[in-house]
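*Asks:* Next up is a structure, given as structure tokens.
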Amino acid sequence: MVYPKTFQGFAITDLSKWTETELIEYEPKVFDDYDVDIKIDACGICGSDVHTASSGWNTPALPLVVGHEVVGKVVAVGPKVTEFKVGDRVGCGAQVWACLKKTCPACSTDNEVYCPHWVDTYNCTYPPESGKSAGGKAMGGYASHIRVHEYFTFHIPESLKNEDVAPMLCAGITTYSPLVRNGAGPGVKVGCVSIGGLGHFAIMWAKALGAEVYVFSRGEKKREDAFKLGADHYIATGEKGWNEPIKMKLDFIVSSANSSEGFDLGSYLSCLKVGGKFISVGLPEKPFNVGPGSFIANASSLSSSHLGSRPEMKEMLKLAAEKGIKAWNEPIAISAAGVKEGLEKCHHNNVKYRVVLNEFDKAFD
Ligand code: NDP
């Protein structure tokens, strides 16, 4: 391998065999003044990796290296980088760039995740607004290295092991942000729908923030885990009428369900107090079937939320370090076989609750 000119990564090269990756070498986008190069040590496998690799949302550009829950060591910094130096242990999540201009209504209000020019960590091309990076292709974390703007790079608390923290960089922040923005705390009743990579964090954060936590899962299988994660109440949604005892009780719901198949949105909405919000951070491939009539009984609303801001990421990592919160993870050594196993486990909902690829030193030079 010839870093820094090229990186290596496990890439999907044939969409008809989306779990079968090939080790390729590619040129990263140009090294810009604020860039940080990270040599990767661990990367979580997110539900979004599966949606993207399997063409569930749309047809991705090939070759495609996914992965956006990255932890590693800084190996190079651009001349204008101020917060990081070579050797620092850092992480990055699902966003690597935004315009960050004072005139941008999103970036100037700690909403850089909603910048109209945001760049996802993979399957994304740098826009003209990114100057000399324009046209560069963002490639993800199943790779030897990743190149990230310093604003989207984060120091990792010393007490958190790579595998315990990597999933926080996407799954963690995506659930933390809507919880804090909607006031999760003492006296607030929060619903957390589905127990997966994102969902298990939603429960741990909601509990750590002091809310009363109602957990919804499709059956009884995850009941015990839900209480270990911090649930106060568990609702199995398999049987009709499951919503009856909790109608109009919850302040808001954060859902990380990744499919709308058989998803009874109306019953979840009925659990909300008047004016309550159902926030779907999950991004099902097919839309929910709703009309205004679905919201009329309690003036509830349907909303979503994207990742989280830089200040929220810092707060979340601090909270995790203080309270000893860790991802429930299953490590798999990165290789073509390891990536295949991990993607399949995530796809089949057969992991508690995040696969984290590790042992990168053995796979790359
Ligand atoms: P996981 O596969 O780990 O978890 C998904 C969970 O969804 C499952 O554990 C299951 O929970 C539930 N589920 C699956 N099928 C159904 C169904 N038909 N009806 C109801 N629930 C179902 O995925 P992740 O947690 O990694 O990701 C979840 C979603 O969040 C994905 O769509 C992903 O793309 C999205 N995402 C969104 C982001 C954002 O910025 N908004 C960022 C990152 C991810 P159970 O068995 O408990 O019912």
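Letters A, B, ... mark the chains of the structure tokens in the order given; residue numbers begin at 1 per chain; ligand numbers begin at 1, in order shown.
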Name all residues at most 7 Å from region 15-31 of chain A (count only C-alpha atoms; drop same-chain ones fewer than 2 positions away) and give them as a list in words.

*Replies:*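 Counting only C-alpha atoms, the residues come to Lys5, Thr6, Phe7, Gln8, Gly9, Phe10, Ala11, Ile12, Thr13, Asp33, Asp35, Ala53, Ser54, Ser133, Gly136, Lys137, Ala336, Lys340 and Leu343 of chain A.
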
*Asks:* Create the file for the chosen residues now, containing all heavy atoms and written as a compact mmCIF listing (two decimals), in the first residue's frame.

*Replies:*
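Contents of out34.txt, freshly written:
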```
# COMPACT_ATOMS: atom_id res chain seq x y z
N LYS A 5 -0.75 8.37 -0.87
CA LYS A 5 -1.32 8.56 -2.21
C LYS A 5 -2.61 7.76 -2.39
O LYS A 5 -3.59 8.23 -2.95
CB LYS A 5 -0.28 8.15 -3.25
CG LYS A 5 -0.52 8.85 -4.54
CD LYS A 5 0.68 8.89 -5.45
CE LYS A 5 0.25 9.55 -6.75
NZ LYS A 5 0.28 8.67 -7.88
N THR A 6 -2.60 6.54 -1.89
CA THR A 6 -3.80 5.71 -2.01
C THR A 6 -4.16 5.09 -0.66
O THR A 6 -3.30 4.94 0.21
CB THR A 6 -3.61 4.57 -3.04
OG1 THR A 6 -2.52 3.77 -2.61
CG2 THR A 6 -3.36 5.11 -4.44
N PHE A 7 -5.45 4.76 -0.53
CA PHE A 7 -5.95 4.02 0.63
C PHE A 7 -6.38 2.64 0.12
O PHE A 7 -6.59 2.46 -1.08
CB PHE A 7 -7.20 4.68 1.24
CG PHE A 7 -6.99 6.07 1.81
CD1 PHE A 7 -8.11 6.79 2.29
CD2 PHE A 7 -5.75 6.67 1.90
CE1 PHE A 7 -7.95 8.06 2.82
CE2 PHE A 7 -5.59 7.94 2.44
CZ PHE A 7 -6.70 8.64 2.90
N GLN A 8 -6.57 1.70 1.06
CA GLN A 8 -7.14 0.40 0.70
C GLN A 8 -8.47 0.22 1.41
O GLN A 8 -8.63 0.70 2.55
CB GLN A 8 -6.22 -0.73 1.16
CG GLN A 8 -4.99 -0.93 0.29
CD GLN A 8 -4.20 -2.14 0.75
OE1 GLN A 8 -4.00 -2.34 1.96
NE2 GLN A 8 -3.75 -2.95 -0.18
N GLY A 9 -9.41 -0.48 0.76
CA GLY A 9 -10.69 -0.71 1.43
C GLY A 9 -11.39 -1.92 0.86
O GLY A 9 -11.10 -2.35 -0.27
N PHE A 10 -12.32 -2.46 1.64
CA PHE A 10 -13.14 -3.59 1.17
C PHE A 10 -14.35 -3.00 0.47
O PHE A 10 -15.23 -2.40 1.10
CB PHE A 10 -13.53 -4.50 2.34
CG PHE A 10 -12.35 -5.29 2.84
CD1 PHE A 10 -11.56 -4.83 3.89
CD2 PHE A 10 -12.00 -6.48 2.21
CE1 PHE A 10 -10.45 -5.55 4.32
CE2 PHE A 10 -10.88 -7.21 2.63
CZ PHE A 10 -10.12 -6.74 3.69
N ALA A 11 -14.39 -3.15 -0.86
CA ALA A 11 -15.38 -2.45 -1.68
C ALA A 11 -16.40 -3.41 -2.29
O ALA A 11 -16.07 -4.54 -2.67
CB ALA A 11 -14.67 -1.72 -2.81
N ILE A 12 -17.63 -2.91 -2.38
CA ILE A 12 -18.65 -3.62 -3.14
C ILE A 12 -18.43 -3.22 -4.59
O ILE A 12 -18.36 -2.02 -4.91
CB ILE A 12 -20.06 -3.22 -2.65
CG1 ILE A 12 -20.26 -3.77 -1.23
CG2 ILE A 12 -21.16 -3.75 -3.58
CD1 ILE A 12 -20.77 -2.79 -0.26
N THR A 13 -18.27 -4.21 -5.45
CA THR A 13 -17.98 -3.91 -6.86
C THR A 13 -19.07 -4.48 -7.78
O THR A 13 -19.08 -4.20 -8.96
CB THR A 13 -16.62 -4.50 -7.28
OG1 THR A 13 -16.62 -5.89 -6.94
CG2 THR A 13 -15.47 -3.80 -6.56
N ASP A 33 -6.73 21.88 3.53
CA ASP A 33 -6.09 22.51 4.68
C ASP A 33 -6.62 22.05 6.04
O ASP A 33 -5.90 22.04 7.03
CB ASP A 33 -6.28 24.04 4.60
CG ASP A 33 -5.47 24.63 3.46
OD1 ASP A 33 -4.68 23.88 2.84
OD2 ASP A 33 -5.64 25.83 3.18
N ASP A 35 -8.05 19.12 6.68
CA ASP A 35 -8.27 17.66 6.71
C ASP A 35 -7.41 16.94 7.74
O ASP A 35 -6.29 17.35 8.04
CB ASP A 35 -8.02 17.06 5.33
CG ASP A 35 -9.20 17.28 4.40
OD1 ASP A 35 -10.30 17.55 4.90
OD2 ASP A 35 -9.01 17.20 3.17
N ALA A 53 -25.59 -0.63 0.51
CA ALA A 53 -24.94 -1.70 -0.25
C ALA A 53 -25.94 -2.55 -1.02
O ALA A 53 -25.66 -3.01 -2.13
CB ALA A 53 -24.13 -2.57 0.71
N SER A 54 -27.14 -2.73 -0.44
CA SER A 54 -28.14 -3.59 -1.09
C SER A 54 -29.02 -2.80 -2.05
O SER A 54 -30.02 -3.32 -2.54
CB SER A 54 -29.02 -4.25 -0.02
OG SER A 54 -29.75 -3.25 0.68
N SER A 133 -11.59 20.36 -3.07
CA SER A 133 -12.05 18.97 -2.87
C SER A 133 -13.15 18.58 -3.86
O SER A 133 -13.49 17.39 -3.98
CB SER A 133 -12.60 18.79 -1.45
OG SER A 133 -11.60 19.01 -0.51
N GLY A 136 -14.25 15.16 -5.56
CA GLY A 136 -13.64 14.02 -4.85
C GLY A 136 -14.72 13.09 -4.32
O GLY A 136 -15.83 13.52 -4.00
N LYS A 137 -14.38 11.82 -4.22
CA LYS A 137 -15.37 10.84 -3.80
C LYS A 137 -15.13 10.47 -2.33
O LYS A 137 -13.99 10.18 -1.95
CB LYS A 137 -15.22 9.60 -4.70
CG LYS A 137 -16.45 8.78 -4.72
CD LYS A 137 -16.40 7.67 -5.74
CE LYS A 137 -17.52 6.70 -5.41
NZ LYS A 137 -17.37 5.41 -6.02
N ALA A 336 -12.63 -9.82 3.79
CA ALA A 336 -13.81 -9.94 2.92
C ALA A 336 -14.84 -10.85 3.60
O ALA A 336 -16.04 -10.56 3.61
CB ALA A 336 -13.40 -10.49 1.56
N LYS A 340 -18.60 -9.72 5.02
CA LYS A 340 -19.79 -10.46 4.56
C LYS A 340 -20.61 -10.94 5.76
O LYS A 340 -21.82 -10.72 5.84
CB LYS A 340 -19.33 -11.66 3.71
CG LYS A 340 -20.45 -12.51 3.14
CD LYS A 340 -19.84 -13.58 2.22
CE LYS A 340 -20.81 -14.67 1.86
NZ LYS A 340 -21.98 -14.26 1.12
N LEU A 343 -22.26 -7.85 7.50
CA LEU A 343 -23.41 -7.27 6.76
C LEU A 343 -24.61 -8.20 6.85
O LEU A 343 -25.75 -7.76 7.02
CB LEU A 343 -23.03 -7.03 5.29
CG LEU A 343 -22.11 -5.83 5.01
CD1 LEU A 343 -21.62 -5.86 3.56
CD2 LEU A 343 -22.82 -4.49 5.29
```

*Asks:* Hey, which residues sit close to ligand 1? Say within 6 Å, counting only C-alpha atoms and all ligand atoms, and write them as a tab-separated table (two decimals) with N, CA, C and O atoms, in the first residue's frame.

*Replies:*
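Listed below is the output, part26.tsv:
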```
chain	number	residue	atom	x	y	z
A	46	CYS	N	-23.41	-0.37	10.29
A	46	CYS	CA	-24.68	0.31	10.54
A	46	CYS	C	-25.76	-0.20	9.58
A	46	CYS	O	-25.44	-0.62	8.45
A	47	GLY	N	-27.02	-0.10	10.00
A	47	GLY	CA	-28.14	-0.44	9.12
A	47	GLY	C	-28.07	0.33	7.81
A	47	GLY	O	-28.50	-0.17	6.77
A	48	SER	N	-27.52	1.54	7.85
A	48	SER	CA	-27.41	2.33	6.62
A	48	SER	C	-26.41	1.71	5.64
A	48	SER	O	-26.56	1.86	4.43
A	170	CYS	N	-22.17	6.98	14.95
A	170	CYS	CA	-23.38	7.17	14.14
A	170	CYS	C	-24.62	6.76	14.93
A	170	CYS	O	-25.48	7.58	15.23
A	171	ALA	N	-24.69	5.47	15.32
A	171	ALA	CA	-25.89	5.01	16.03
A	171	ALA	C	-26.12	5.81	17.30
A	171	ALA	O	-27.26	6.18	17.63
A	174	THR	N	-27.13	9.63	16.54
A	174	THR	CA	-28.43	9.75	15.85
A	174	THR	C	-29.60	9.60	16.81
A	174	THR	O	-30.69	10.13	16.57
A	194	SER	N	-37.92	-0.19	18.70
A	194	SER	CA	-36.99	-1.17	18.14
A	194	SER	C	-35.65	-1.20	18.88
A	194	SER	O	-35.11	-0.17	19.28
A	195	ILE	N	-35.17	-2.41	19.05
A	195	ILE	CA	-33.90	-2.60	19.74
A	195	ILE	C	-32.90	-3.16	18.73
A	195	ILE	O	-32.86	-4.36	18.46
A	196	GLY	N	-32.14	-2.26	18.14
A	196	GLY	CA	-31.08	-2.64	17.20
A	196	GLY	C	-29.88	-1.78	17.53
A	196	GLY	O	-29.71	-1.35	18.68
A	197	GLY	N	-29.05	-1.52	16.52
A	197	GLY	CA	-27.85	-0.70	16.74
A	197	GLY	C	-28.22	0.67	17.28
A	197	GLY	O	-27.70	1.12	18.31
A	198	LEU	N	-29.11	1.36	16.60
A	198	LEU	CA	-29.54	2.69	17.08
A	198	LEU	C	-30.40	2.56	18.33
A	198	LEU	O	-30.23	3.29	19.31
A	199	GLY	N	-31.35	1.62	18.26
A	199	GLY	CA	-32.36	1.50	19.32
A	199	GLY	C	-31.76	1.22	20.69
A	199	GLY	O	-32.22	1.78	21.69
A	217	SER	N	-40.72	-3.38	21.03
A	217	SER	CA	-40.04	-4.29	20.12
A	217	SER	C	-41.10	-5.25	19.58
A	217	SER	O	-42.17	-5.40	20.17
A	218	ARG	N	-40.77	-5.90	18.43
A	218	ARG	CA	-41.85	-6.64	17.75
A	218	ARG	C	-42.25	-7.93	18.45
A	218	ARG	O	-43.24	-8.53	18.09
A	256	SER	N	-36.31	3.79	15.68
A	256	SER	CA	-35.19	3.44	14.78
A	256	SER	C	-35.53	2.20	13.97
A	256	SER	O	-34.63	1.53	13.45
A	257	ALA	N	-36.82	1.90	13.84
A	257	ALA	CA	-37.23	0.76	13.00
A	257	ALA	C	-36.77	1.01	11.57
A	257	ALA	O	-36.95	2.11	11.04
A	258	ASN	N	-36.18	-0.01	10.96
A	258	ASN	CA	-35.58	0.21	9.64
A	258	ASN	C	-36.48	-0.23	8.49
A	258	ASN	O	-36.06	-0.25	7.34
A	259	SER	N	-37.72	-0.62	8.84
A	259	SER	CA	-38.64	-1.06	7.79
A	259	SER	C	-40.05	-0.57	8.12
A	259	SER	O	-40.42	-0.47	9.29
A	260	SER	N	-40.80	-0.29	7.06
A	260	SER	CA	-42.20	0.12	7.28
A	260	SER	C	-43.14	-1.06	7.05
A	260	SER	O	-44.35	-0.93	7.16
A	261	GLU	N	-42.56	-2.21	6.76
A	261	GLU	CA	-43.32	-3.43	6.48
A	261	GLU	C	-44.15	-3.82	7.71
A	261	GLU	O	-43.57	-4.11	8.77
A	262	GLY	N	-45.45	-3.76	7.61
A	262	GLY	CA	-46.32	-4.14	8.72
A	262	GLY	C	-46.22	-3.18	9.90
A	262	GLY	O	-46.63	-3.52	11.02
A	263	PHE	N	-45.65	-2.02	9.69
A	263	PHE	CA	-45.42	-1.07	10.80
A	263	PHE	C	-46.70	-0.31	11.08
A	263	PHE	O	-47.19	0.43	10.22
A	281	VAL	N	-36.01	8.20	13.31
A	281	VAL	CA	-34.63	8.30	12.83
A	281	VAL	C	-34.34	7.13	11.89
A	281	VAL	O	-33.45	7.21	11.05
A	282	GLY	N	-35.10	6.06	12.04
A	282	GLY	CA	-35.01	4.95	11.09
A	282	GLY	C	-35.45	5.45	9.72
A	282	GLY	O	-36.32	6.33	9.62
A	283	LEU	N	-34.82	4.91	8.69
A	283	LEU	CA	-35.09	5.38	7.32
A	283	LEU	C	-35.55	4.20	6.45
A	283	LEU	O	-34.78	3.71	5.60
A	284	PRO	N	-36.79	3.73	6.68
A	284	PRO	CA	-37.29	2.59	5.91
A	284	PRO	C	-37.22	2.86	4.40
A	284	PRO	O	-37.31	4.00	3.98
A	305	SER	N	-34.93	13.07	12.05
A	305	SER	CA	-33.75	13.75	12.59
A	305	SER	C	-32.53	13.09	11.97
A	305	SER	O	-32.50	11.87	11.78
A	306	HIS	N	-31.52	13.91	11.65
A	306	HIS	CA	-30.33	13.41	10.98
A	306	HIS	C	-29.13	13.52	11.93
A	306	HIS	O	-28.85	14.61	12.46
A	307	LEU	N	-28.45	12.43	12.19
A	307	LEU	CA	-27.21	12.41	13.01
A	307	LEU	C	-27.32	13.36	14.21
A	307	LEU	O	-28.28	13.31	14.95
A	346	CYS	N	-26.26	-8.02	10.30
A	346	CYS	CA	-27.05	-6.80	10.45
A	346	CYS	C	-28.35	-6.93	9.64
A	346	CYS	O	-29.44	-6.64	10.13
A	349	ASN	N	-30.90	-9.02	11.31
A	349	ASN	CA	-31.26	-8.63	12.67
A	349	ASN	C	-30.77	-9.69	13.66
A	349	ASN	O	-31.48	-10.10	14.58
```

*Asks:* Pick from A:Pro287, A:Pro178, A:Gly187, A:Gly308: nearest to Val254 (chain A), with only C-alpha atoms counted?

*Replies:*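 Among the listed residues, A:Pro178 lies closest to Val254 (chain A).
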
*Asks:* From the options A:His117, A:Gly238, A:His149, A:Lys101, which residue's atoms come nearest to Gly78 (chain A), counting only C-alpha atoms?

*Replies:*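 Looking only at the distances to Gly78 (chain A), the closest residue turns out to be A:His149.
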
*Asks:* Extract, using only C-alpha atoms, all DNA, RNA and protein residues at most 10 Å from Met313 (chain A), discarding same-chain residues fewer than 5 positions from it, and format them as a list in words.

*Replies:* Gly93, Phe152, Thr153, Phe154, Met168, Leu169, Cys170, Gly172, Ile173, Thr174, Tyr176, Ser177, Leu307, Gly308, Lys318 and Leu319 of chain A

*Asks:* For Lys222 (chain A), find every residue with an atom within 12 Å (counting only C-alpha atoms), except residues of its own chain fewer than 2 positions away, and show them as a PyMOL selection string.

*Replies:* chain A and resi 194-196+199-200+215-220+224-229+231+234-237+349-353
